[in-house]
Amino acid sequence: MTFSQRHNLKKIFSIAFICLFLFSCASKKEMLYFQDIESKDGRSLNYDSSKIQVNDILSIKISSLHPETAIPYNFDNSLSTNSSFIETLKLQGSLVSSEGYITLPIIGSIEAKGKSTSELELHITKILEEGNHLKDAIVSARILNSKITILGEVNTPGTYTITEQNVTLMQALGYAGDLTINGKRIDILIIRDEDGKQIIKHVDLTKTDWFDSPFYFVKQNDVIVVNPNDAKIKSSGYIGNVGTILTIASIVLSTVVILTR
């Protein structure tokens, strides 16, 4: 091989390296969050409380101006266990049955499914007062097993317990340590069970058009899936990532140059 031919070969490989590098790079549009965020400045938030679902575990606390009169309406809180405080509360809590009901001492069966915790509090208060059980009753209801599952290209995937009433999708992803560099920001998948139906939503984190949707706040039992981007998918084959390809090409070029001297 002549000097001119070797020189042309080096040029071809150099151009190939540059093209490969450029095509493998993610664009700014694919990486930056909320690129139209200015359009949402000053918007009003709609805090929509989560509805109670089948298999939720509820903490129901009933009190009144005369504490001793409310004792029979509460479950025994003296249960001793080596589990954490939350786990202890779950053991003492009221499980929503497959028919959507909970059972409380003295009062009996109460429909809970489909109500928010504040709606359930008002419902139980009404039962206590109209049934001449307690006067000036104070009812507190909380969902103890609210959880979300985050899978895929995040730093710490797993199932997370949430105690706040309103948690945004951004906060939920923050629990999982944010997306990795390989996360597909333009297509976050949310799987939600609602009223016995499964709802699928695709969210583009580079935009804000979903801020006014029911998926701005996560709900209990949501599953959030962060799929890998194209670069990650391509790098999962036999050849590997861009660095590996460049290394192989460099070895081939060096071998050709040595053999043709």
# chains A, B, ... in the order shown; residues from 1 in each chain; ligands from 1
>>> closest_atom_pairs(of="segment 102-171 of chain A", to="segment 223-231 of chain A", cutoff="12 Å", atoms="only C-alpha atoms", output="Markdown table")
| residue | atom | partner | partner_atom | distance |
| --- | --- | --- | --- | --- |
| A:Lys147 | CA | A:Val223 | CA | 9.2 |
| A:Ile148 | CA | A:Val223 | CA | 5.9 |
| A:Thr149 | CA | A:Val223 | CA | 4.7 |
| A:Ile150 | CA | A:Ile224 | CA | 4.7 |
| A:Leu151 | CA | A:Val225 | CA | 4.9 |
| A:Gly152 | CA | A:Val226 | CA | 4.8 |
| A:Glu153 | CA | A:Val226 | CA | 5.3 |
| A:Val154 | CA | A:Val226 | CA | 7.0 |
| A:Asn155 | CA | A:Val226 | CA | 10.7 |
| A:Thr156 | CA | A:Val226 | CA | 11.7 |
| A:Pro157 | CA | A:Val225 | CA | 9.4 |
| A:Gly158 | CA | A:Val223 | CA | 10.0 |
| A:Thr159 | CA | A:Val223 | CA | 8.9 |
| A:Tyr160 | CA | A:Val223 | CA | 10.5 |
| A:Leu169 | CA | A:Ile224 | CA | 8.9 |
| A:Met170 | CA | A:Ile224 | CA | 11.2 |
>>> residues_around(residues="segment 61-69 of chain A", least_positions_apart="5", cutoff="10 Å", atoms="only C-alpha atoms", output="ChimeraX atom specification")
/A:74-75,93,121,124-125,128,133-142
>>> write_last_selection(atoms="N, CA, C and O atoms", output="JSON list (two decimals), in the first residue's frame")
[["chain", "number", "residue", "atom", "x", "y", "z"],
["A", 74, "ASN", "N", -62.10, 3.07, 69.25],
["A", 74, "ASN", "CA", -60.77, 2.92, 68.66],
["A", 74, "ASN", "C", -60.25, 1.51, 68.90],
["A", 74, "ASN", "O", -60.59, 0.87, 69.91],
["A", 75, "PHE", "N", -59.42, 1.05, 67.98],
["A", 75, "PHE", "CA", -58.76, -0.23, 68.19],
["A", 75, "PHE", "C", -57.71, -0.10, 69.28],
["A", 75, "PHE", "O", -57.18, 0.99, 69.54],
["A", 93, "GLY", "N", -54.17, -1.06, 61.86],
["A", 93, "GLY", "CA", -55.04, -0.31, 60.97],
["A", 93, "GLY", "C", -56.22, -1.12, 60.46],
["A", 93, "GLY", "O", -56.37, -2.31, 60.74],
["A", 121, "GLU", "N", -63.45, 11.05, 56.89],
["A", 121, "GLU", "CA", -63.53, 11.67, 58.22],
["A", 121, "GLU", "C", -64.91, 12.29, 58.45],
["A", 121, "GLU", "O", -65.52, 12.09, 59.51],
["A", 124, "ILE", "N", -67.61, 9.45, 58.85],
["A", 124, "ILE", "CA", -67.60, 8.79, 60.17],
["A", 124, "ILE", "C", -68.11, 9.75, 61.24],
["A", 124, "ILE", "O", -68.86, 9.35, 62.14],
["A", 125, "THR", "N", -67.73, 11.01, 61.15],
["A", 125, "THR", "CA", -68.22, 12.01, 62.12],
["A", 125, "THR", "C", -69.74, 12.11, 62.08],
["A", 125, "THR", "O", -70.41, 12.17, 63.13],
["A", 128, "LEU", "N", -71.26, 9.08, 63.80],
["A", 128, "LEU", "CA", -71.13, 9.17, 65.26],
["A", 128, "LEU", "C", -72.14, 10.14, 65.86],
["A", 128, "LEU", "O", -72.73, 9.87, 66.92],
["A", 133, "HIS", "N", -73.71, 8.47, 69.10],
["A", 133, "HIS", "CA", -72.56, 7.77, 69.69],
["A", 133, "HIS", "C", -71.69, 8.74, 70.48],
["A", 133, "HIS", "O", -71.39, 8.52, 71.66],
["A", 134, "LEU", "N", -71.25, 9.79, 69.79],
["A", 134, "LEU", "CA", -70.36, 10.78, 70.41],
["A", 134, "LEU", "C", -70.77, 12.18, 69.98],
["A", 134, "LEU", "O", -71.17, 12.39, 68.84],
["A", 135, "LYS", "N", -70.64, 13.11, 70.91],
["A", 135, "LYS", "CA", -70.86, 14.51, 70.56],
["A", 135, "LYS", "C", -69.51, 15.19, 70.36],
["A", 135, "LYS", "O", -68.54, 14.87, 71.02],
["A", 136, "ASP", "N", -69.47, 16.12, 69.42],
["A", 136, "ASP", "CA", -68.25, 16.85, 69.11],
["A", 136, "ASP", "C", -67.09, 15.89, 68.79],
["A", 136, "ASP", "O", -65.96, 16.07, 69.26],
["A", 137, "ALA", "N", -67.40, 14.88, 67.99],
["A", 137, "ALA", "CA", -66.38, 13.88, 67.64],
["A", 137, "ALA", "C", -65.34, 14.48, 66.70],
["A", 137, "ALA", "O", -65.65, 15.32, 65.86],
["A", 138, "ILE", "N", -64.11, 14.05, 66.90],
["A", 138, "ILE", "CA", -63.00, 14.45, 66.03],
["A", 138, "ILE", "C", -62.43, 13.17, 65.41],
["A", 138, "ILE", "O", -61.99, 12.27, 66.13],
["A", 139, "VAL", "N", -62.45, 13.10, 64.08],
["A", 139, "VAL", "CA", -62.00, 11.88, 63.39],
["A", 139, "VAL", "C", -60.80, 12.21, 62.52],
["A", 139, "VAL", "O", -60.80, 13.20, 61.79],
["A", 140, "SER", "N", -59.78, 11.37, 62.62],
["A", 140, "SER", "CA", -58.58, 11.52, 61.79],
["A", 140, "SER", "C", -58.37, 10.24, 60.99],
["A", 140, "SER", "O", -58.34, 9.14, 61.57],
["A", 141, "ALA", "N", -58.24, 10.35, 59.68],
["A", 141, "ALA", "CA", -58.04, 9.19, 58.81],
["A", 141, "ALA", "C", -56.79, 9.39, 57.97],
["A", 141, "ALA", "O", -56.57, 10.47, 57.40],
["A", 142, "ARG", "N", -55.96, 8.35, 57.89],
["A", 142, "ARG", "CA", -54.74, 8.39, 57.10],
["A", 142, "ARG", "C", -54.55, 7.04, 56.40],
["A", 142, "ARG", "O", -54.89, 6.00, 56.94]]
>>> closest_residue(among="A:Ala70, A:Leu91, A:Glu99, A:Gln198", to="Ile57 of chain A", atoms="only C-alpha atoms")
A:Leu91
>>> residues_around(residues="Pro105 of chain A", least_positions_apart="4", cutoff="10 Å", atoms="only C-alpha atoms", output="JSON, numbers by chain")
{"A": [71, 72, 73, 74, 75, 76, 109]}
>>> residues_around(residues="Thr168 of chain A", least_positions_apart="5", cutoff="8 Å", atoms="only C-alpha atoms", output="list in words")
Tyr216, Phe217 and Val218 of chain A
>>> atom_distance(atom1="atom CA of Asp195 of chain A", atom2="atom CA of Lys51 of chain A")
9.4 Å
>>> select_by_dssp(residues="segment 41-119 of chain A", states="strand (DSSP E or B)", output="PyMOL selection string")
chain A and resi 57-63+94-95+101-104+108-111
>>> closest_residue(among="A:Asp204, A:Asp187, A:Glu129, A:Glu111", to="Ser97 of chain A", atoms="only C-alpha atoms")
A:Glu111
>>> select_by_dssp(residues="segment 46-218 of chain A", states="helix (DSSP H, G or I)", output="JSON, numbers by chain")
{"A": [67, 68, 69, 70, 71, 72, 73, 85, 86, 87, 88, 89, 90, 91, 92, 117, 118, 119, 120, 121, 122, 123, 124, 125, 126, 127, 128, 129, 130, 169, 170, 171, 172, 173, 174, 175]}
>>> write_last_selection(atoms="N, CA and C atoms", output="CSV table (one decimal), in the first residue's frame")
chain,number,residue,atom,x,y,z
A,67,PRO,N,-62.2,12.5,76.4
A,67,PRO,CA,-61.4,11.4,75.8
A,67,PRO,C,-61.8,10.0,76.2
A,68,GLU,N,-62.3,9.8,77.4
A,68,GLU,CA,-62.6,8.4,77.9
A,68,GLU,C,-63.8,7.9,77.1
A,69,THR,N,-64.7,8.8,76.6
A,69,THR,CA,-65.9,8.3,75.9
A,69,THR,C,-65.6,7.8,74.5
A,70,ALA,N,-64.4,8.2,74.0
A,70,ALA,CA,-64.0,7.8,72.6
A,70,ALA,C,-63.2,6.5,72.6
A,71,ILE,N,-62.7,6.1,73.7
A,71,ILE,CA,-61.9,4.9,73.8
A,71,ILE,C,-62.5,3.7,73.1
A,72,PRO,N,-63.8,3.3,73.4
A,72,PRO,CA,-64.4,2.1,72.8
A,72,PRO,C,-64.5,2.1,71.3
A,73,TYR,N,-64.4,3.3,70.7
A,73,TYR,CA,-64.5,3.4,69.2
A,73,TYR,C,-63.2,3.3,68.5
A,85,PHE,N,-42.4,1.7,63.6
A,85,PHE,CA,-43.6,2.4,64.0
A,85,PHE,C,-44.7,2.3,62.9
A,86,ILE,N,-44.3,2.5,61.7
A,86,ILE,CA,-45.3,2.5,60.6
A,86,ILE,C,-45.8,1.1,60.4
A,87,GLU,N,-45.0,0.1,60.5
A,87,GLU,CA,-45.4,-1.3,60.4
A,87,GLU,C,-46.4,-1.7,61.6
A,88,THR,N,-46.1,-1.1,62.8
A,88,THR,CA,-47.0,-1.3,63.9
A,88,THR,C,-48.3,-0.7,63.6
A,89,LEU,N,-48.4,0.5,63.1
A,89,LEU,CA,-49.6,1.1,62.8
A,89,LEU,C,-50.4,0.3,61.7
A,90,LYS,N,-49.7,-0.3,60.8
A,90,LYS,CA,-50.4,-1.1,59.8
A,90,LYS,C,-51.1,-2.3,60.4
A,91,LEU,N,-50.4,-2.9,61.4
A,91,LEU,CA,-51.0,-4.0,62.0
A,91,LEU,C,-52.3,-3.6,62.8
A,92,GLN,N,-52.3,-2.4,63.3
A,92,GLN,CA,-53.5,-1.9,64.0
A,92,GLN,C,-54.5,-1.2,63.1
A,117,THR,N,-59.5,10.8,52.2
A,117,THR,CA,-59.5,10.6,53.7
A,117,THR,C,-60.3,11.7,54.4
A,118,SER,N,-60.4,12.9,53.8
A,118,SER,CA,-61.2,14.0,54.4
A,118,SER,C,-62.7,13.7,54.3
A,119,GLU,N,-63.1,13.1,53.2
A,119,GLU,CA,-64.5,12.7,53.0
A,119,GLU,C,-64.8,11.6,54.0
A,120,LEU,N,-63.9,10.6,54.2
A,120,LEU,CA,-64.2,9.5,55.1
A,120,LEU,C,-64.3,10.1,56.5
A,121,GLU,N,-63.5,11.0,56.9
A,121,GLU,CA,-63.5,11.7,58.2
A,121,GLU,C,-64.9,12.3,58.4
A,122,LEU,N,-65.4,13.0,57.5
A,122,LEU,CA,-66.7,13.6,57.6
A,122,LEU,C,-67.8,12.6,57.7
A,123,HIS,N,-67.7,11.5,56.9
A,123,HIS,CA,-68.7,10.4,56.9
A,123,HIS,C,-68.8,9.8,58.3
A,124,ILE,N,-67.6,9.4,58.8
A,124,ILE,CA,-67.6,8.8,60.2
A,124,ILE,C,-68.1,9.7,61.2
A,125,THR,N,-67.7,11.0,61.2
A,125,THR,CA,-68.2,12.0,62.1
A,125,THR,C,-69.7,12.1,62.1
A,126,LYS,N,-70.3,12.1,60.9
A,126,LYS,CA,-71.7,12.2,60.7
A,126,LYS,C,-72.4,10.9,61.3
A,127,ILE,N,-71.8,9.7,61.1
A,127,ILE,CA,-72.4,8.5,61.7
A,127,ILE,C,-72.4,8.6,63.2
A,128,LEU,N,-71.3,9.1,63.8
A,128,LEU,CA,-71.1,9.2,65.3
A,128,LEU,C,-72.1,10.1,65.9
A,129,GLU,N,-72.3,11.3,65.2
A,129,GLU,CA,-73.2,12.3,65.7
A,129,GLU,C,-74.7,11.9,65.5
A,130,GLU,N,-75.0,11.5,64.3
A,130,GLU,CA,-76.4,11.2,64.0
A,130,GLU,C,-76.9,9.9,64.7
A,169,LEU,N,-44.8,14.1,40.5
A,169,LEU,CA,-44.0,13.1,39.8
A,169,LEU,C,-42.6,13.5,39.9
A,170,MET,N,-42.2,14.7,39.9
A,170,MET,CA,-40.8,15.1,40.0
A,170,MET,C,-40.2,14.7,41.4
A,171,GLN,N,-41.1,14.9,42.4
A,171,GLN,CA,-40.6,14.5,43.8
A,171,GLN,C,-40.4,13.0,43.8
A,172,ALA,N,-41.4,12.3,43.2
A,172,ALA,CA,-41.3,10.8,43.2
A,172,ALA,C,-40.0,10.3,42.6
A,173,LEU,N,-39.6,10.9,41.4
A,173,LEU,CA,-38.4,10.6,40.7
A,173,LEU,C,-37.2,11.0,41.6
A,174,GLY,N,-37.3,12.0,42.4
A,174,GLY,CA,-36.3,12.5,43.3
A,174,GLY,C,-36.0,11.4,44.4
A,175,TYR,N,-37.1,10.7,44.8
A,175,TYR,CA,-36.9,9.7,45.8
A,175,TYR,C,-36.0,8.6,45.3
>>> atom_distance(atom1="atom CA of Gln165 of chain A", atom2="atom CA of Asn55 of chain A")
17.9 Å
>>> residues_around(residues="Asn46 of chain A", least_positions_apart="2", cutoff="12 Å", atoms="only C-alpha atoms", output="PyMOL selection string")
chain A and resi 43-44+48-49+166+168+211-217
>>> atom_distance(atom1="atom CA of Thr208 of chain A", atom2="atom CA of Phe34 of chain A")
5.7 Å
